[in-house]
>>> print(open('start26.txt').read())   # compact mmCIF, C-alpha atoms and all ligand atoms
# COMPACT_ATOMS: atom_id res chain seq x y z
CA SER A 29 24.72 16.44 -5.69
CA ALA A 30 24.65 13.16 -3.81
CA HIS A 31 21.68 12.14 -1.74
CA ARG A 32 21.97 10.20 1.48
CA ALA A 33 20.89 7.03 -0.38
CA ASP A 34 23.82 7.44 -2.79
CA LEU A 35 26.26 7.25 0.08
CA ASP A 36 24.79 4.12 1.69
CA ASP A 37 24.66 0.57 0.40
CA GLY A 38 20.91 0.29 0.90
CA GLY A 39 21.46 -1.86 3.96
CA ASN A 40 19.30 0.36 6.17
CA ILE A 41 16.45 0.62 3.66
CA SER A 42 13.60 -1.86 3.61
CA VAL A 43 11.01 -2.19 0.90
CA SER A 44 7.69 -3.97 0.41
CA PHE A 45 5.69 -4.51 -2.75
CA GLU A 46 1.96 -4.49 -3.40
CA PHE A 47 0.30 -6.58 -6.12
CA PHE A 48 -3.29 -7.13 -7.16
CA PRO A 49 -4.70 -10.58 -7.93
CA PRO A 50 -4.71 -11.26 -11.69
CA LYS A 51 -7.95 -11.62 -13.64
CA SER A 52 -6.72 -13.72 -16.55
CA GLU A 53 -3.98 -16.20 -17.39
CA LYS A 54 -2.15 -13.52 -19.29
CA MET A 55 -2.23 -11.16 -16.30
CA GLU A 56 -1.18 -14.03 -14.06
CA ALA A 57 1.89 -14.64 -16.23
CA SER A 58 2.91 -10.98 -16.16
CA LEU A 59 2.38 -10.78 -12.38
CA TRP A 60 4.65 -13.76 -11.85
CA ALA A 61 7.30 -12.34 -14.14
CA ALA A 62 7.20 -9.19 -11.96
CA ILE A 63 7.40 -11.22 -8.75
CA GLU A 64 10.39 -13.16 -10.06
CA ARG A 65 12.24 -9.96 -10.88
CA LEU A 66 11.38 -8.22 -7.61
CA GLN A 67 11.87 -11.11 -5.19
CA GLY A 68 15.67 -10.82 -5.46
CA LEU A 69 15.39 -7.42 -3.77
CA ASN A 70 14.50 -9.26 -0.57
CA PRO A 71 11.36 -7.27 0.34
CA SER A 72 10.27 -7.38 3.98
CA PHE A 73 6.82 -8.49 2.73
CA VAL A 74 4.68 -8.51 -0.39
CA SER A 75 0.99 -7.70 -0.15
CA VAL A 76 -1.95 -8.82 -2.27
CA THR A 77 -4.98 -6.55 -2.51
CA TYR A 78 -8.61 -7.47 -2.02
CA GLY A 79 -10.91 -6.34 -4.83
CA ALA A 80 -13.63 -3.79 -4.19
CA GLY A 81 -16.44 -5.31 -2.14
CA GLY A 82 -14.48 -8.50 -1.60
CA SER A 83 -14.85 -9.36 -5.28
CA THR A 84 -11.45 -11.05 -5.47
CA ARG A 85 -11.78 -13.18 -2.35
CA GLU A 86 -10.77 -16.41 -4.14
CA ARG A 87 -8.18 -14.78 -6.39
CA THR A 88 -6.49 -12.98 -3.49
CA HIS A 89 -6.40 -16.27 -1.59
CA ARG A 90 -4.95 -18.16 -4.59
CA THR A 91 -2.26 -15.56 -5.17
CA VAL A 92 -1.26 -15.61 -1.50
CA ALA A 93 -1.22 -19.43 -1.54
CA ARG A 94 1.05 -19.49 -4.59
CA LEU A 95 3.43 -17.00 -2.96
CA LEU A 96 3.68 -19.30 0.07
CA GLU A 97 4.21 -22.40 -2.07
CA GLU A 98 6.61 -21.09 -4.67
CA THR A 99 8.62 -18.32 -3.05
CA ASP A 100 10.40 -17.44 0.19
CA LEU A 101 8.52 -14.13 0.34
CA ALA A 102 6.34 -13.22 3.33
CA PRO A 103 2.87 -12.52 1.94
CA ALA A 104 0.45 -10.08 3.53
CA ALA A 105 -3.20 -10.57 2.56
CA HIS A 106 -5.40 -7.49 2.29
CA LEU A 107 -8.86 -7.88 3.80
CA THR A 108 -11.82 -5.48 3.94
CA CYS A 109 -15.01 -5.12 6.01
CA VAL A 110 -17.42 -4.67 3.13
CA GLY A 111 -19.56 -7.38 1.63
CA ALA A 112 -19.18 -9.98 4.36
CA SER A 113 -20.41 -10.77 7.86
CA LYS A 114 -18.06 -10.89 10.85
CA ASP A 115 -18.29 -14.69 10.84
CA GLU A 116 -17.32 -14.88 7.19
CA VAL A 117 -14.39 -12.52 7.70
CA ASP A 118 -13.25 -14.49 10.77
CA ASP A 119 -13.33 -17.69 8.68
CA ILE A 120 -11.12 -16.08 6.06
CA VAL A 121 -8.66 -15.02 8.76
CA ARG A 122 -8.61 -18.56 10.22
CA ASP A 123 -7.99 -19.96 6.75
CA TYR A 124 -5.06 -17.63 6.29
CA ARG A 125 -3.63 -18.60 9.65
CA GLU A 126 -3.82 -22.30 8.76
CA MET A 127 -2.11 -21.66 5.41
CA GLY A 128 0.80 -20.01 7.21
CA VAL A 129 0.00 -16.35 6.55
CA ARG A 130 1.14 -14.13 9.43
CA HIS A 131 0.31 -10.63 8.18
CA ILE A 132 -2.99 -9.00 7.20
CA VAL A 133 -3.52 -5.53 5.75
CA ALA A 134 -6.84 -4.58 7.36
CA LEU A 135 -9.08 -2.08 5.58
CA ARG A 136 -12.64 -0.91 5.63
CA GLY A 137 -12.98 -0.94 1.86
CA ASP A 138 -15.19 1.22 -0.28
CA PRO A 139 -18.96 0.90 -0.72
CA LEU A 140 -20.03 -1.81 -3.16
CA GLU A 141 -21.50 0.93 -5.36
CA GLY A 142 -17.98 2.31 -5.79
CA LEU A 143 -15.78 5.17 -4.64
CA GLY A 144 -17.86 8.22 -3.83
CA ALA A 145 -21.04 6.40 -2.75
CA VAL A 146 -22.10 6.80 0.89
CA TYR A 147 -20.67 4.07 3.10
CA ARG A 148 -23.11 2.13 5.27
CA PRO A 149 -21.77 -0.65 7.47
CA ARG A 150 -23.54 -4.01 7.34
CA ALA A 151 -25.43 -4.81 10.52
CA ASP A 152 -23.65 -8.18 10.89
CA GLY A 153 -20.26 -7.01 9.62
CA TYR A 154 -17.21 -5.16 10.87
CA ALA A 155 -18.07 -1.49 10.45
CA TYR A 156 -14.65 0.17 10.15
CA ALA A 157 -11.03 -0.87 9.82
CA ALA A 158 -10.47 -0.45 13.58
CA ASP A 159 -13.21 -3.05 14.27
CA LEU A 160 -11.64 -5.41 11.73
CA VAL A 161 -8.20 -5.04 13.34
CA ALA A 162 -9.68 -6.00 16.72
CA GLY A 163 -11.49 -8.96 15.10
CA ILE A 164 -8.30 -10.21 13.44
CA ARG A 165 -6.39 -9.93 16.70
CA ARG A 166 -9.09 -12.02 18.44
CA VAL A 167 -8.52 -14.83 15.93
CA ALA A 168 -4.71 -14.82 15.85
CA ASP A 169 -1.59 -12.89 16.74
CA PHE A 170 -1.08 -11.54 13.22
CA GLU A 171 1.04 -8.66 12.14
CA VAL A 172 -1.63 -6.12 11.11
CA SER A 173 -1.01 -3.20 8.79
CA VAL A 174 -3.57 -0.44 8.26
CA SER A 175 -4.02 2.53 5.95
CA ALA A 176 -3.10 6.16 6.67
CA TYR A 177 -3.87 9.25 4.62
CA PRO A 178 -1.33 12.11 4.44
CA GLU A 179 -3.98 14.22 2.69
CA ARG A 180 -6.86 12.94 4.85
CA HIS A 181 -9.38 10.28 3.90
CA PRO A 182 -12.15 11.95 1.86
CA GLU A 183 -14.71 11.00 4.54
CA SER A 184 -12.74 12.50 7.45
CA ALA A 185 -14.20 15.96 8.01
CA THR A 186 -11.31 17.14 10.16
CA TRP A 187 -7.70 16.25 10.94
CA GLN A 188 -8.84 15.36 14.43
CA ALA A 189 -11.19 12.71 12.98
CA GLU A 190 -8.43 11.37 10.75
CA ILE A 191 -5.83 11.06 13.49
CA ASP A 192 -8.36 9.73 16.04
CA ASN A 193 -9.24 6.98 13.57
CA LEU A 194 -5.59 6.01 13.09
CA LYS A 195 -5.19 5.99 16.87
CA ARG A 196 -8.20 3.65 17.22
CA LYS A 197 -6.63 1.28 14.71
CA VAL A 198 -3.34 1.29 16.62
CA ASP A 199 -5.14 0.78 19.95
CA ALA A 200 -6.96 -2.18 18.36
CA GLY A 201 -3.61 -3.78 17.53
CA ALA A 202 -2.30 -2.40 14.23
CA THR A 203 1.48 -2.70 14.01
CA ARG A 204 2.20 -0.64 10.90
CA ALA A 205 0.50 2.04 8.82
CA ILE A 206 0.97 2.23 5.06
CA THR A 207 0.04 5.53 3.46
CA GLN A 208 -2.09 6.30 0.48
CA TYR A 209 0.23 7.45 -2.29
CA PHE A 210 1.18 11.13 -2.43
CA PHE A 211 3.50 13.24 -4.56
CA ASP A 212 4.41 16.08 -2.20
CA ASN A 213 6.91 15.03 0.45
CA ASP A 214 6.17 18.12 2.55
CA VAL A 215 2.61 16.83 2.90
CA PHE A 216 3.92 13.49 4.16
CA GLU A 217 6.27 15.14 6.63
CA ALA A 218 3.51 17.39 8.01
CA PHE A 219 1.25 14.34 8.37
CA LEU A 220 3.95 12.42 10.21
CA GLU A 221 4.30 15.31 12.65
CA ARG A 222 0.56 15.17 13.42
CA VAL A 223 0.74 11.42 13.91
CA ARG A 224 3.71 11.60 16.28
CA ALA A 225 2.18 14.55 18.16
CA ALA A 226 -0.84 12.31 18.85
CA GLY A 227 1.46 9.76 20.49
CA ILE A 228 1.15 7.22 17.67
CA ASP A 229 4.50 5.48 17.45
CA ILE A 230 4.06 2.59 14.98
CA PRO A 231 5.98 2.77 11.69
CA VAL A 232 4.22 4.92 9.08
CA VAL A 233 5.48 3.67 5.73
CA PRO A 234 5.07 5.92 2.71
CA GLY A 235 3.21 4.28 -0.17
CA ILE A 236 4.98 5.10 -3.43
CA LEU A 237 3.14 4.95 -6.74
CA PRO A 238 5.44 4.75 -9.75
CA ILE A 239 3.13 6.23 -12.40
CA THR A 240 2.52 3.68 -15.14
CA ASN A 241 -0.49 5.56 -16.52
CA PHE A 242 -0.74 9.29 -15.84
CA GLU A 243 -4.32 9.69 -17.12
CA GLN A 244 -5.59 6.91 -14.84
CA THR A 245 -3.58 8.31 -11.96
CA MET A 246 -5.31 11.69 -12.39
CA VAL A 247 -8.77 10.09 -12.34
CA PHE A 248 -8.05 7.84 -9.37
CA SER A 249 -6.31 10.59 -7.38
CA ALA A 250 -9.36 12.84 -7.63
CA LYS A 251 -11.45 10.07 -6.05
CA CYS A 252 -9.07 8.98 -3.31
CA GLY A 253 -7.97 12.46 -2.24
CA THR A 254 -4.38 12.55 -3.51
CA SER A 255 -3.51 15.90 -5.03
CA ILE A 256 -1.62 16.15 -8.29
CA PRO A 257 0.80 19.07 -7.92
CA HIS A 258 1.00 21.47 -10.83
CA TRP A 259 4.66 20.60 -11.45
CA LEU A 260 3.75 16.91 -11.79
CA ALA A 261 1.04 17.56 -14.39
CA ARG A 262 3.53 19.73 -16.28
CA ARG A 263 6.11 16.96 -16.39
CA PHE A 264 3.66 14.65 -18.16
CA ALA A 265 2.04 17.32 -20.34
CA GLY A 266 2.38 16.77 -24.08
CA LEU A 267 3.49 13.14 -23.72
CA GLU A 268 0.05 11.60 -24.37
CA GLN A 269 1.36 9.82 -27.50
CA ASP A 270 4.80 9.01 -26.15
CA ALA A 271 4.71 6.03 -23.79
CA GLU A 272 8.47 5.59 -23.71
CA THR A 273 9.20 9.11 -22.50
CA ARG A 274 6.32 8.90 -20.00
CA LYS A 275 8.01 5.86 -18.47
CA LEU A 276 11.35 7.66 -18.19
CA ILE A 277 9.63 10.64 -16.56
CA ALA A 278 7.78 8.33 -14.15
CA CYS A 279 11.08 6.80 -13.08
CA ALA A 280 12.64 10.22 -12.57
CA VAL A 281 9.64 11.47 -10.55
CA ALA A 282 9.49 8.50 -8.19
CA GLY A 283 13.28 8.26 -7.95
CA GLU A 284 13.49 11.90 -6.94
CA GLN A 285 10.67 11.41 -4.42
CA VAL A 286 12.25 8.45 -2.62
CA LEU A 287 15.76 9.95 -2.56
CA ASP A 288 14.33 13.07 -0.94
CA LEU A 289 12.38 10.98 1.58
CA VAL A 290 15.59 9.18 2.57
CA ASP A 291 17.22 12.57 3.08
CA ARG A 292 14.32 13.34 5.44
CA GLY A 293 14.99 10.20 7.44
CA VAL A 294 12.63 7.65 5.87
CA THR A 295 13.95 4.08 5.76
CA ASP A 296 10.88 1.99 4.77
CA PHE A 297 9.01 2.16 1.48
CA HIS A 298 5.89 0.38 0.18
CA PHE A 299 5.56 0.28 -3.60
CA TYR A 300 2.26 0.13 -5.45
CA THR A 301 3.76 -1.94 -8.28
CA MET A 302 0.65 -2.27 -10.47
CA ASN A 303 2.01 -5.80 -11.04
CA ARG A 304 4.98 -4.48 -13.01
CA ALA A 305 8.60 -4.79 -12.01
CA GLU A 306 10.39 -2.30 -14.23
CA LEU A 307 9.86 1.06 -12.50
CA THR A 308 9.88 -0.33 -8.97
CA PHE A 309 13.10 -2.26 -9.69
CA ALA A 310 14.85 0.84 -11.03
CA ILE A 311 13.70 3.01 -8.11
CA CYS A 312 14.86 0.38 -5.61
CA HIS A 313 18.22 0.33 -7.41
CA MET A 314 18.47 4.09 -6.79
CA LEU A 315 17.77 3.42 -3.11
CA GLY A 316 20.66 0.98 -3.07
CA VAL A 317 18.24 -1.94 -2.74
CA ARG A 318 19.66 -4.51 -5.15
CA PRO A 319 19.82 -8.28 -5.66
CA ALA A 320 22.52 -9.90 -3.54
CA ALA A 321 24.44 -11.06 -6.65
CA ALA A 322 24.59 -7.55 -8.13
CA GLU A 323 25.87 -6.15 -4.84
CA LYS A 324 28.70 -8.69 -4.79
CA GLN A 325 29.74 -7.70 -8.30
CA ALA A 326 29.81 -4.04 -7.33
CA ALA A 327 32.01 -4.70 -4.28
P1 LIG B 401 -11.06 3.38 7.93
O1 LIG B 401 -9.74 3.48 8.57
O2 LIG B 401 -12.09 2.55 8.58
O3 LIG B 401 -11.60 4.89 7.74
C1 LIG B 401 -12.52 5.22 6.72
C2 LIG B 401 -13.19 6.53 7.04
O4 LIG B 401 -14.18 6.31 8.04
C3 LIG B 401 -12.28 7.62 7.58
O5 LIG B 401 -12.67 8.85 7.03
C4 LIG B 401 -12.52 7.56 9.07
O6 LIG B 401 -12.26 8.82 9.69
C5 LIG B 401 -14.00 7.22 9.12
N1 LIG B 401 -14.39 6.49 10.32
C6 LIG B 401 -13.69 5.52 10.97
N2 LIG B 401 -14.39 5.06 12.01
C7 LIG B 401 -15.55 5.73 12.03
C8 LIG B 401 -16.70 5.68 12.86
N3 LIG B 401 -16.77 4.85 13.90
N4 LIG B 401 -17.74 6.51 12.57
C9 LIG B 401 -17.70 7.35 11.51
N5 LIG B 401 -16.62 7.44 10.69
C10 LIG B 401 -15.57 6.64 10.95
N6 LIG B 401 -9.45 -1.06 -0.73
C11 LIG B 401 -9.87 -2.31 -1.11
O7 LIG B 401 -11.05 -2.50 -1.43
N7 LIG B 401 -9.00 -3.36 -1.15
C12 LIG B 401 -7.70 -3.24 -0.82
O8 LIG B 401 -6.94 -4.22 -0.87
C13 LIG B 401 -7.22 -1.95 -0.41
N8 LIG B 401 -5.93 -1.76 -0.02
C14 LIG B 401 -5.53 -0.53 0.41
C15 LIG B 401 -4.22 -0.37 0.88
C16 LIG B 401 -3.77 0.85 1.37
C17 LIG B 401 -2.36 0.98 1.89
C18 LIG B 401 -4.65 1.97 1.35
C19 LIG B 401 -4.18 3.33 1.82
C20 LIG B 401 -5.95 1.82 0.90
C21 LIG B 401 -6.41 0.58 0.44
N9 LIG B 401 -7.72 0.38 0.01
C22 LIG B 401 -8.15 -0.87 -0.38
C23 LIG B 401 -8.68 1.52 -0.05
C24 LIG B 401 -9.55 1.63 1.23
O9 LIG B 401 -10.39 0.52 1.34
C25 LIG B 401 -10.37 2.91 1.11
O10 LIG B 401 -9.54 4.04 1.15
C26 LIG B 401 -11.54 3.05 2.07
O11 LIG B 401 -12.32 4.17 1.66
C27 LIG B 401 -11.15 3.30 3.52
O12 LIG B 401 -10.60 2.20 4.10
P2 LIG B 401 -9.76 2.39 5.48
O13 LIG B 401 -9.30 1.06 5.91
O14 LIG B 401 -8.78 3.45 5.29
O15 LIG B 401 -10.96 2.88 6.41
>>> encode(input="start26.txt", output="C-alpha cells")
Amino acid sequence: SAHRADLDDGGNISVSFEFFPPKSEKMEASLWAAIERLQGLNPSFVSVTYGAGGSTRERTHRTVARLLEETDLAPAAHLTCVGASKDEVDDIVRDYREMGVRHIVALRGDPLEGLGAVYRPRADGYAYAADLVAGIRRVADFEVSVSAYPERHPESATWQAEIDNLKRKVDAGATRAITQYFFDNDVFEAFLERVRAAGIDIPVVPGILPITNFEQTMVFSAKCGTSIPHWLARRFAGLEQDAETRKLIACAVAGEQVLDLVDRGVTDFHFYTMNRAELTFAICHMLGVRPAAAEKQAA
C-alpha cells in the first residue's frame, strides 16, 4: 500500500549528503561523479568528514574548497577536537569562514589509537564536542551541526549522560543534530521522545546508511554501537558472493526505512553516501526527491 511519501511530490522533504575526502586520484574521480549525480537533487547541504585524529585536515579542506568553487552546493566541513590545540582548531575555523563556509559539523572524534581506546582530552585542546561548538561560535556565527546517538554513544553510561551531553551541545550553540545510523525506526522514535522530553527542540535528522558493504557494516556497527537487527542479517545472509543482489537488497532496506520514517513524520534525511551516488539517488527518488528536469517530465 502507498506510503505518505508516495502521495507527495517530495516538496516537503529535505536531504543532505555526507562524503569523505578522497585518498587518491581515482577515488577523487569517483567522488566527483557521485557529487555530479547527486547535486541535481538540490540537497540542503553536503558535508565532508574529517579523518580520524584530524588525519585528513588538508584533504577535507581541499574537498570543501572545490565544492565552493565548482558547485552551487552549501558545504559543511566536519571538524574534531582530537589531535589539535584550541588555537589550531580556531585557525581552521577562521580559514573556513574566509573561504565562505558557513556550516561546521562539530565532533569530538575518536582517540588517535582508534575506536575502543580510552579517550583522553589534550590539555591545550577542546575536550568534548560541546566545548568545540562553543569555540566555533566564538569565532563566527556558523551553522553548527552535532552528533546524536539513538542507541547511545558507547561511552555514555546512562541515557541521562547521553541526553545531558546533547543538551550541552545545544546550549553551546548547536543548531542541528545528525544521528549515527540505525536500522530500527522504533529505536529512533524512542530516542526522539527522550530528546523532546528534555526540552531539546533543534532538528534531529536521522542519518541513513545505504549498505554498500554488509560485512564492513557489521564490523563498524559493533564498534560504534549500532545494533544489527536479526531480520537485517537474514536479508543479507547467503549473498556473500552475489554483489548485485546485495545492492538490490540494500536499496530495498533503506527505501523501506525512509518511507516508514516519513510515515512517522520525519521530513529531513542525512545520507552517509560512502562517496557513491547509486543507492542514495534511488532512495531519494522513492522519497520523491528528484532532479528538477525529471519532475517536469513527470508533470
Ligand atoms: P561528544 O558529543 O563529545 O560525546 C562523546 C562522549 O563523551 C559521549 O559518551 C558523552 O556522553 C561523553 N562526554 C561528553 N562530555 C563529557 C564530559 N565533560 N565528561 C565526560 N564525558 C563526556 N568522527 C571523525 O573522526 N570525523 C568525522 O568527520 C565524524 N563525523 C561524524 C558525523 C556524525 C553525524 C556522527 C554521528 C559521528 C561522526 N564521527 C566522526 C564519529 C565521532 O567522532 C565519534 O562518535 C566520537 O566517539 C564521539 O564524538 P561526538 O562528537 O559524538 O562526542
>>> residues_around(input="start26.txt", residues="Val129 in chain A", least_positions_apart="2", cutoff="9 Å", atoms="all atoms listed in the file", output="list in words")
Val92, Ala93, Leu96, Ala102, Pro103, Ala104, Ala105, Asp123, Tyr124, Arg125, Glu126, Met127, His131, Ile132 and Phe170 of chain A
>>> residues_near_ligand(input="start26.txt", ligand="ligand LIG 401 (chain B)", cutoff="8 Å", atoms="only C-alpha atoms and all ligand atoms", output="PyMOL selection string")
chain A and resi 48+76-82+106-108+133-139+143+155-158+174-177+180-185+189-194+197+205-209+235+252
>>> closest_residue(input="start26.txt", among="A:Asp115, A:Leu260, A:Thr91, A:Phe299", to="Met55 in chain A", atoms="all atoms listed in the file")
A:Thr91
>>> atom_distance(input="start26.txt", atom1="CA of Val247 in chain A", atom2="CA of Ala261 in chain A")
12.5 Å
>>> closest_residue(input="start26.txt", among="A:Cys109, A:Ala202, A:Leu101, A:Ile41", to="Glu64 in chain A", atoms="all atoms listed in the file")
A:Leu101
>>> atom_distance(input="start26.txt", atom1="CA of Ala30 in chain A", atom2="CA of Pro319 in chain A")
22.1 Å
>>> closest_residue(input="start26.txt", among="A:Asn40, A:Thr99, A:Asn241, A:Gln285", to="Gln269 in chain A", atoms="only C-alpha atoms")
A:Asn241
>>> closest_residue(input="start26.txt", among="A:Phe242, A:Asp214, A:Thr301, A:Arg292", to="Glu268 in chain A", atoms="only C-alpha atoms")
A:Phe242
>>> closest_residue(input="start26.txt", among="A:Lys195, A:Glu53, A:Phe210, A:Lys251", to="Ala226 in chain A", atoms="all atoms listed in the file")
A:Lys195
>>> atom_distance(input="start26.txt", atom1="CA of Ala112 in chain A", atom2="CA of Ile164 in chain A")
14.2 Å
>>> closest_residue(input="start26.txt", among="A:Arg166, A:Lys51, A:Arg94, A:His31", to="Met314 in chain A", atoms="all atoms listed in the file")
A:His31
>>> residues_around(input="start26.txt", residues="Ala320 in chain A", least_positions_apart="6", cutoff="9 Å", atoms="all atoms listed in the file", output="list in words")
Gly68, Leu69 and Asn70 of chain A
>>> residues_near_point(input="start26.txt", point="(6.5, 6.4, -5.6)", cutoff="10 Å", atoms="only C-alpha atoms", output="list in words")
Tyr209, Phe210, Phe211, Pro234, Gly235, Ile236, Leu237, Pro238, Ile239, Ala278, Cys279, Val281, Ala282, Gly283, Glu284, Gln285, Val286, Phe297, His298, Phe299, Tyr300, Thr301, Leu307, Thr308 and Ile311 of chain A
>>> decode(input="start26.txt", residues="range 171-190 of chain A", atoms="N, CA and C atoms", output="PDB file, in the first residue's frame")
ATOM      1  N   GLU A 171      26.474  28.007  11.190  1.00  0.00           N
ATOM      2  CA  GLU A 171      25.505  26.952  11.466  1.00  0.00           C
ATOM      3  C   GLU A 171      26.335  25.781  12.010  1.00  0.00           C
ATOM      4  N   VAL A 172      25.941  25.202  13.135  1.00  0.00           N
ATOM      5  CA  VAL A 172      26.740  24.121  13.720  1.00  0.00           C
ATOM      6  C   VAL A 172      25.873  22.884  13.936  1.00  0.00           C
ATOM      7  N   SER A 173      26.249  21.809  13.256  1.00  0.00           N
ATOM      8  CA  SER A 173      25.569  20.537  13.469  1.00  0.00           C
ATOM      9  C   SER A 173      26.414  19.671  14.401  1.00  0.00           C
ATOM     10  N   VAL A 174      25.740  18.831  15.172  1.00  0.00           N
ATOM     11  CA  VAL A 174      26.443  17.921  16.088  1.00  0.00           C
ATOM     12  C   VAL A 174      25.869  16.509  15.940  1.00  0.00           C
ATOM     13  N   SER A 175      26.546  15.566  16.565  1.00  0.00           N
ATOM     14  CA  SER A 175      26.110  14.171  16.505  1.00  0.00           C
ATOM     15  C   SER A 175      25.034  13.883  17.552  1.00  0.00           C
ATOM     16  N   ALA A 176      24.267  12.825  17.319  1.00  0.00           N
ATOM     17  CA  ALA A 176      23.345  12.295  18.334  1.00  0.00           C
ATOM     18  C   ALA A 176      23.274  10.785  18.128  1.00  0.00           C
ATOM     19  N   TYR A 177      23.006  10.067  19.199  1.00  0.00           N
ATOM     20  CA  TYR A 177      23.115   8.602  19.156  1.00  0.00           C
ATOM     21  C   TYR A 177      21.833   7.924  19.635  1.00  0.00           C
ATOM     22  N   PRO A 178      20.987   7.478  18.700  1.00  0.00           N
ATOM     23  CA  PRO A 178      19.722   6.835  19.083  1.00  0.00           C
ATOM     24  C   PRO A 178      19.923   5.572  19.924  1.00  0.00           C
ATOM     25  N   GLU A 179      21.124   4.972  19.834  1.00  0.00           N
ATOM     26  CA  GLU A 179      21.393   3.784  20.660  1.00  0.00           C
ATOM     27  C   GLU A 179      22.442   4.087  21.734  1.00  0.00           C
ATOM     28  N   ARG A 180      22.669   5.360  21.994  1.00  0.00           N
ATOM     29  CA  ARG A 180      23.624   5.843  22.987  1.00  0.00           C
ATOM     30  C   ARG A 180      25.057   5.720  22.486  1.00  0.00           C
ATOM     31  N   HIS A 181      25.847   6.762  22.741  1.00  0.00           N
ATOM     32  CA  HIS A 181      27.278   6.672  22.446  1.00  0.00           C
ATOM     33  C   HIS A 181      27.880   5.620  23.381  1.00  0.00           C
ATOM     34  N   PRO A 182      28.802   4.791  22.860  1.00  0.00           N
ATOM     35  CA  PRO A 182      29.359   3.704  23.681  1.00  0.00           C
ATOM     36  C   PRO A 182      29.962   4.183  25.016  1.00  0.00           C
ATOM     37  N   GLU A 183      30.400   5.445  25.075  1.00  0.00           N
ATOM     38  CA  GLU A 183      30.994   5.941  26.321  1.00  0.00           C
ATOM     39  C   GLU A 183      29.974   6.573  27.266  1.00  0.00           C
ATOM     40  N   SER A 184      28.731   6.686  26.863  1.00  0.00           N
ATOM     41  CA  SER A 184      27.711   7.231  27.772  1.00  0.00           C
ATOM     42  C   SER A 184      27.150   6.086  28.607  1.00  0.00           C
ATOM     43  N   ALA A 185      27.391   6.152  29.915  1.00  0.00           N
ATOM     44  CA  ALA A 185      26.990   5.053  30.796  1.00  0.00           C
ATOM     45  C   ALA A 185      25.471   4.973  30.951  1.00  0.00           C
ATOM     46  N   THR A 186      24.820   6.126  30.867  1.00  0.00           N
ATOM     47  CA  THR A 186      23.367   6.153  31.074  1.00  0.00           C
ATOM     48  C   THR A 186      22.701   7.036  30.008  1.00  0.00           C
ATOM     49  N   TRP A 187      21.384   6.902  29.889  1.00  0.00           N
ATOM     50  CA  TRP A 187      20.642   7.787  28.993  1.00  0.00           C
ATOM     51  C   TRP A 187      20.723   9.225  29.473  1.00  0.00           C
ATOM     52  N   GLN A 188      20.724   9.391  30.784  1.00  0.00           N
ATOM     53  CA  GLN A 188      20.840  10.736  31.344  1.00  0.00           C
ATOM     54  C   GLN A 188      22.113  11.419  30.836  1.00  0.00           C
ATOM     55  N   ALA A 189      23.235  10.673  30.870  1.00  0.00           N
ATOM     56  CA  ALA A 189      24.518  11.228  30.406  1.00  0.00           C
ATOM     57  C   ALA A 189      24.439  11.571  28.918  1.00  0.00           C
ATOM     58  N   GLU A 190      23.812  10.709  28.163  1.00  0.00           N
ATOM     59  CA  GLU A 190      23.703  10.915  26.714  1.00  0.00           C
ATOM     60  C   GLU A 190      22.898  12.183  26.395  1.00  0.00           C
TER      61      GLU A 190
END
